Amino acid sequence: MIRKILVSVFTTIVLMLSIAGAFAGGFAVSRAVFPPPLPADGGAPPEWKPHIAIFWEAWNYVQQDFYKTPLDSDTLVNGSVSGMLEALGDPHTTFVDARRAEIIRSNMQGSFEGIGATISMREGRLTIVSVIKGSPAERAGLRPEDIILQVDGTVIQNMDVTDAVMLIRGPKGTQVKLLILRGTQEPFTVEITRDTIRIPFVEARMIEGTKIGYIRLNEFGAPASSEIAAAWREMSAQNPTGLILDLRNNPGGYLPAAVEVASQFLPANQIVLVVKGKKGNTDTYRAKSGGVATQIPLVVLIDKGSASASEIVAAALKDHERATLIGTRTFGKGSVQQVYTLSDKSQLNVSVARFFSPGGHEIEKVGVTPHLIVEMTEEDVEARRDPQLDAAIKFLMSK
Amino acid sequence: MRTLLRFVIGLLLTLLVLVLAFLAGFGVNYYQAQTTPRTQVPQRFTLFWESWRIIQNEFYGTIPDKPTLTRGAMRGMLQSLGDPHTVLVDPIPAKQEQENLKGETGDVGLNLDVREHTLTIVAPISGSPADKAGLRAGDLILKINDKLVPFDITVQEAHNQLRGPIGSKVVLNVRRIGEPKPFDVELTREKYPLPTVEARVLPGTTFGYIKITMETAETANEFVRALDTLRTQKITGLVLDLRNNPGGLFPDPVLEITGHFVPNHVVLYEKYRDGTEKTFHARGGNKAAGLPLAVLINGGTASAAEIIAGALKDYGRGVLIGEPTYGKGSVQVIRQLSDGSALHITVATWYTPKRTPLDGKGLAPDIAIPLTDDSIKKKLDPQLDRAIQYLQKGA
């Protein structure tokens with residue numbers, strides 16, 4: 001009898017627990033499918049609550065009144081984050097949404113899977129700016145100024161350029177169909193098989209009729225330093241007596257790439273730059289061993305488009321008297337951005353530190369001044385003259 | 001056998017109870033999620049706080065106070081809508097705006113817009129200090145009194161800076177397409193508003209000429225007086241000059257003026273996002289009955305002036321001569337926020353009687369005649385000449 005009662009009590013308890021469990025399970029599943037809305041303050045940290053209320057006032061009016069519907073709340077949230085960052089007054093602290101972030105990441109790695117055409121939106125039309133050598137786009141006969149009307153049947157007009165890029169890129173081996181408008185011809189279709197595209201960061205050659213090597217670096221992507229070393233090895237067969245490193249219009253890139261590039265020209269352990277963080281902490285970056293061109297007479301070409309990592313390299317080579325700088329004063333961007341990936345894969349670039357040249361010179365707003373100032377005028381550009389390069393050649397020849 | 005049956009039934013009942021409990025749990029959350037009274041805050045807004053924490057911990061520079069950051073977030077949110085007329089007006093200028101309406105304030109007479117983050121002249125108001133100083137539609141204002149114009153300036157803020165006591169001076173640094181360098185222009189503020197209608201008989205013709213510089217509460221009366229005077233001089237045709245007319249008051253002057261050409265016709269549809277439409281009809285009047293009409297337009301013809309031009313074109317009442325109009329055809333509502341700032345939100349867009357949208361593209365002229373720098377220098381007006389030719393030949 002007692003045993004029977006025990007059993008039924010036990011059964012009842014198990015049953016009730018199971019019911020409670022099932023209820024909790026149902027609640028949890030439902031919560032995952034229909035997440036509860038954030039509280040009316042948007043989940044603000046306590047210290048923000050009195051300040052953010054006005055934002056939601058504006059938000060509600062926009063939802064209620066704005067003439068275009070439906071509103072895309074993702075875009076509004078992105079805009080809000082961007083706007084908050086803009087209020088910091090630092091042009092280098094920025095928000096990059098997830099899709100753009102992915103494109104930037106793959107570009108800076110130096111390779112992606114696509115067709116290999118640089119495109120830009122001009123007057124609402126997707127226009128090919130240039131075609132990478134040896135790419136599927138080049139093999140398919142695409143040319144600069146071609147207009148892409150459709151990608152796989154999707155009409156491109158007035159589309160965001162990022163959306164267009166995402167349509168054209170895709171896994172290696174797959175095909176993409178482009179409807180192309182060229183000049184006054186009837187639009188025609190081109191079918192292209194996507195491949196791995198390498199974006200070269202370096203262009204190198206010997207200056208004709210001289211023993212001077214020329215290396216141009218477009219951007220400090222991850223493989224920049226190894227591309228420079230490879231270019232150098234190739235030209236060293238011709239025993240160059242001087243080298244020109246062209247950093248004009250190079251907007252910068254990764255900080256480690258700057259240190260690696262400088263290391264190609266400096267003896268090991270020389271200071272490349274000093275970084276000062278917001279709490280006054282400093283980090284000193286030194287040249288790595290194994291530089292390939294630490295001895296050869298060197299000219300670095302700079303101009304107002306040389307920024308950030310370009311300025312690090314130019315300033316380090318200047319302070320160590322390793323190179324002669326020719327051109328015009330550089331841009332003057334002396335802050336370091338840390339890249340944070342947010343939970344939805346979007347990206348936050350935050351200025352976290354200032355950097356200084358080995359000689360302790362500030363770069364921010366000051367820039368790097370060349371030893372020899374040579375201007376490049378509009379007329380020079382139009383006439384395809386390059387007085388800065390000419391000055392560099394002349395300088396190296398006279399040594 | 002019976003024991004087995006009882007066991008199976010018991011098991012099924014238990015399962016049923018469990019399923020019901022599961023559904024009950026599911027339902028309770030669903031009900032909560034759907035009925036919680038709320039601001040429609042998307043889950044993804046947590047991204048904002050995620051970003052804030054990183055900034056707070058890592059940002060190198062000085063972090064402004066939270067009201068400033070909040071205002072930045074509001075501006076950014078509005079910017080992401082991609083509509084240049086949906087903007088936030090800060091509390092201080094909003095207050096100034098009201099005070100400006102009271103006192104003896106002078107102005108330089110510019111109609112402005114912000115395009116691509118640049119303060120742009122839509123049109124100088126005819127006869128105003130800006131007009132006399134030679135400022136033109138399309139000029140970009142880079143500095144006001146030697147201070148750089150911030151990229152996020154609103155039209156209201158710009159007007160507040162341009163206004164001031166009558167007789168005081170303001171210096172604008174202006175960039176003009178085609179000029180190599182920006183240049184300074186000094187303007188003396190004058191009393192505002194100015195008369196909005198000018199009229200005369202065109203010399204050597206029997207045609208009247210009426211220029212409307214903008215639409216104010218007085219404009220319709222001025223227009224009627226001008227038209228009456230011209231008709232006593234037995235004019236046989238009319239040139240209506242709406243060039244550099246940035247608009248102004250709507251709807252009364254617009255409906256009245258249009259009513260002297262196409263009485264009682266539909267002038268405009270105002271379309272809201274839920275698909276509802278408000279229809280505006282021209283008034284009676286018809287004082288221009290029987291007069292052939294040429295209408296001059298250009299890139300400075302905006303808003304209320306485009307409505308008049310659009311209706312006259314759609315009914316074939318007048319021929320449009322000149323250059324495409326500006327394309328400002330939207331309606332803003334002003335929402336006061338609790339901190340004293342104001343939100344201007346675009347709530348509707350305008351369509352001509354034939355349902356051509358006025359917002360964005362602007363009206364195309366029937367006869368396209370550009371006004372070149374050369375003809376401005378030589379003080380020629382090929383657009384007006386073409387209008388006269390049209391009235392003489394009917395083509």
# chains A, B, ... in the order shown; residues from 1 in each chain; ligands from 1
$ residues_around --residues "range 300-317 of chain B" --least-positions-apart "4" --cutoff "9 Å" --atoms "only C-alpha atoms" --output "VMD selection string"
chain B and resid 111 121 to 124 137 to 138 212 214 to 215 242 to 251 253 to 255 257 to 258 261 to 262 265 to 268 292 to 296 324 to 330 350 to 354 356 358 to 359 362 to 363 365 to 366
$ closest_residue --among "A:Thr282, A:Asn269, A:Ser351, A:Thr328" --to "Val374 in chain A" --atoms "only C-alpha atoms"
A:Thr328
$ closest_residue --among "A:Ala229, A:Ala258, A:Ala164, A:Ala20" --to "chain B" --atoms "only C-alpha atoms"
A:Ala20
$ atom_distance --atom1 "CA of Glu50 in chain B" --atom2 "CA of Val274 in chain A"
29.4 Å
$ closest_residue --among "B:Phe26, B:Phe207, B:Tyr272, B:Phe280" --to "Asp385 in chain B" --atoms "only C-alpha atoms"
B:Phe207
$ atom_distance --atom1 "CA of Leu227 in chain B" --atom2 "CA of His260 in chain B"
9.6 Å
$ residues_around --residues "range 11-18 of chain A" --least-positions-apart "4" --cutoff "10 Å" --atoms "only C-alpha atoms" --output "PDB file with N, CA and C atoms, in the first residue's frame"
ATOM      1  N   ILE A   5       1.459   4.070  -2.878  1.00  0.00           N
ATOM      2  CA  ILE A   5       1.322   5.524  -2.720  1.00  0.00           C
ATOM      3  C   ILE A   5       2.612   6.216  -3.168  1.00  0.00           C
ATOM      4  N   LEU A   6       3.735   5.650  -2.712  1.00  0.00           N
ATOM      5  CA  LEU A   6       5.036   6.217  -3.088  1.00  0.00           C
ATOM      6  C   LEU A   6       5.178   6.303  -4.610  1.00  0.00           C
ATOM      7  N   VAL A   7       4.814   5.162  -5.236  1.00  0.00           N
ATOM      8  CA  VAL A   7       4.941   5.116  -6.702  1.00  0.00           C
ATOM      9  C   VAL A   7       4.099   6.212  -7.350  1.00  0.00           C
ATOM     10  N   ALA A  22       8.020  20.969 -20.318  1.00  0.00           N
ATOM     11  CA  ALA A  22       7.439  21.184 -21.643  1.00  0.00           C
ATOM     12  C   ALA A  22       7.026  22.633 -21.823  1.00  0.00           C
ATOM     13  N   PHE A  23       6.457  23.198 -20.732  1.00  0.00           N
ATOM     14  CA  PHE A  23       6.035  24.597 -20.788  1.00  0.00           C
ATOM     15  C   PHE A  23       7.249  25.509 -21.040  1.00  0.00           C
ATOM     16  N   ALA A  24       8.296  25.234 -20.243  1.00  0.00           N
ATOM     17  CA  ALA A  24       9.510  26.050 -20.378  1.00  0.00           C
ATOM     18  C   ALA A  24      10.091  25.900 -21.780  1.00  0.00           C
TER      19      ALA A  24
ATOM     20  N   THR B  14      -0.546  11.483 -21.016  1.00  0.00           N
ATOM     21  CA  THR B  14       0.618  12.225 -20.528  1.00  0.00           C
ATOM     22  C   THR B  14       1.227  13.044 -21.660  1.00  0.00           C
ATOM     23  N   LEU B  15       1.408  12.392 -22.809  1.00  0.00           N
ATOM     24  CA  LEU B  15       1.994  13.094 -23.957  1.00  0.00           C
ATOM     25  C   LEU B  15       1.150  14.303 -24.351  1.00  0.00           C
ATOM     26  N   VAL B  17      -0.848  15.987 -22.477  1.00  0.00           N
ATOM     27  CA  VAL B  17      -0.685  17.044 -21.481  1.00  0.00           C
ATOM     28  C   VAL B  17       0.627  17.799 -21.740  1.00  0.00           C
ATOM     29  N   LEU B  18       1.685  17.024 -22.041  1.00  0.00           N
ATOM     30  CA  LEU B  18       2.989  17.661 -22.277  1.00  0.00           C
ATOM     31  C   LEU B  18       2.941  18.577 -23.502  1.00  0.00           C
ATOM     32  N   ALA B  21       1.198  21.626 -22.621  1.00  0.00           N
ATOM     33  CA  ALA B  21       2.040  22.495 -21.803  1.00  0.00           C
ATOM     34  C   ALA B  21       3.034  23.241 -22.689  1.00  0.00           C
ATOM     35  N   PHE B  22       3.596  22.518 -23.665  1.00  0.00           N
ATOM     36  CA  PHE B  22       4.554  23.123 -24.589  1.00  0.00           C
ATOM     37  C   PHE B  22       3.889  24.281 -25.345  1.00  0.00           C
TER      38      PHE B  22
END
$ closest_residue --among "B:Thr62, B:Gln392, B:Asn264, B:Ser375" --to "chain A" --atoms "only C-alpha atoms"
B:Thr62
$ atom_distance --atom1 "CA of Val62 in chain A" --atom2 "CA of Pro64 in chain B"
25.4 Å
$ residues_around --residues "Val176 in chain A" --least-positions-apart "5" --cutoff "7 Å" --atoms "only C-alpha atoms" --output "PyMOL selection string"
chain A and resi 152+168+191-193
$ select_by_dssp --residues "range 217-348 of chain A" --states "strand (DSSP E)" --output "VMD selection string"
chain A and resid 217 242 to 246 271 to 277 282 to 286 298 to 302 324 to 327 335 to 341 347 to 348
$ closest_residue --among "B:Leu162, B:Ala24, B:Leu391, B:Val87" --to "chain A" --atoms "only C-alpha atoms"
B:Ala24
$ decode --residues "range 345-361 of chain A" --atoms "N, CA and C atoms" --output "short mmCIF file (atom, residue, chain, number, x, y, z; two decimals), in the first residue's frame"
data_model
loop_
_atom_site.label_atom_id
_atom_site.label_comp_id
_atom_site.auth_asym_id
_atom_site.auth_seq_id
_atom_site.Cartn_x
_atom_site.Cartn_y
_atom_site.Cartn_z
N LYS A 345 28.77 41.00 -38.10
CA LYS A 345 29.84 40.98 -39.10
C LYS A 345 30.09 42.35 -39.72
N SER A 346 29.37 43.36 -39.25
CA SER A 346 29.73 44.70 -39.69
C SER A 346 31.00 45.10 -38.94
N GLN A 347 31.53 46.25 -39.32
CA GLN A 347 32.89 46.55 -38.88
C GLN A 347 32.96 47.96 -38.32
N LEU A 348 33.69 48.10 -37.23
CA LEU A 348 33.88 49.40 -36.61
C LEU A 348 35.37 49.70 -36.68
N ASN A 349 35.72 50.80 -37.37
CA ASN A 349 37.12 51.25 -37.37
C ASN A 349 37.23 52.34 -36.33
N VAL A 350 38.05 52.13 -35.32
CA VAL A 350 38.14 53.09 -34.23
C VAL A 350 39.56 53.61 -34.13
N SER A 351 39.72 54.94 -34.10
CA SER A 351 41.04 55.52 -33.86
C SER A 351 41.42 55.22 -32.42
N VAL A 352 42.48 54.44 -32.23
CA VAL A 352 42.84 54.03 -30.87
C VAL A 352 44.17 54.62 -30.43
N ALA A 353 44.94 55.15 -31.37
CA ALA A 353 46.27 55.64 -30.98
C ALA A 353 46.80 56.61 -32.02
N ARG A 354 47.85 57.35 -31.64
CA ARG A 354 48.56 58.22 -32.55
C ARG A 354 49.92 57.59 -32.81
N PHE A 355 50.47 57.80 -34.00
CA PHE A 355 51.83 57.30 -34.17
C PHE A 355 52.81 58.42 -34.48
N PHE A 356 54.08 58.13 -34.17
CA PHE A 356 55.15 59.11 -34.29
C PHE A 356 56.31 58.45 -35.00
N SER A 357 57.08 59.26 -35.72
CA SER A 357 58.22 58.71 -36.45
C SER A 357 59.31 58.34 -35.46
N PRO A 358 60.32 57.56 -35.90
CA PRO A 358 61.41 57.17 -34.99
C PRO A 358 62.05 58.38 -34.33
N GLY A 359 62.12 59.51 -35.04
CA GLY A 359 62.70 60.72 -34.46
C GLY A 359 61.73 61.47 -33.57
N GLY A 360 60.55 60.90 -33.31
CA GLY A 360 59.59 61.52 -32.41
C GLY A 360 58.71 62.56 -33.07
N HIS A 361 58.71 62.60 -34.42
CA HIS A 361 57.91 63.62 -35.10
C HIS A 361 56.45 63.18 -35.20
#
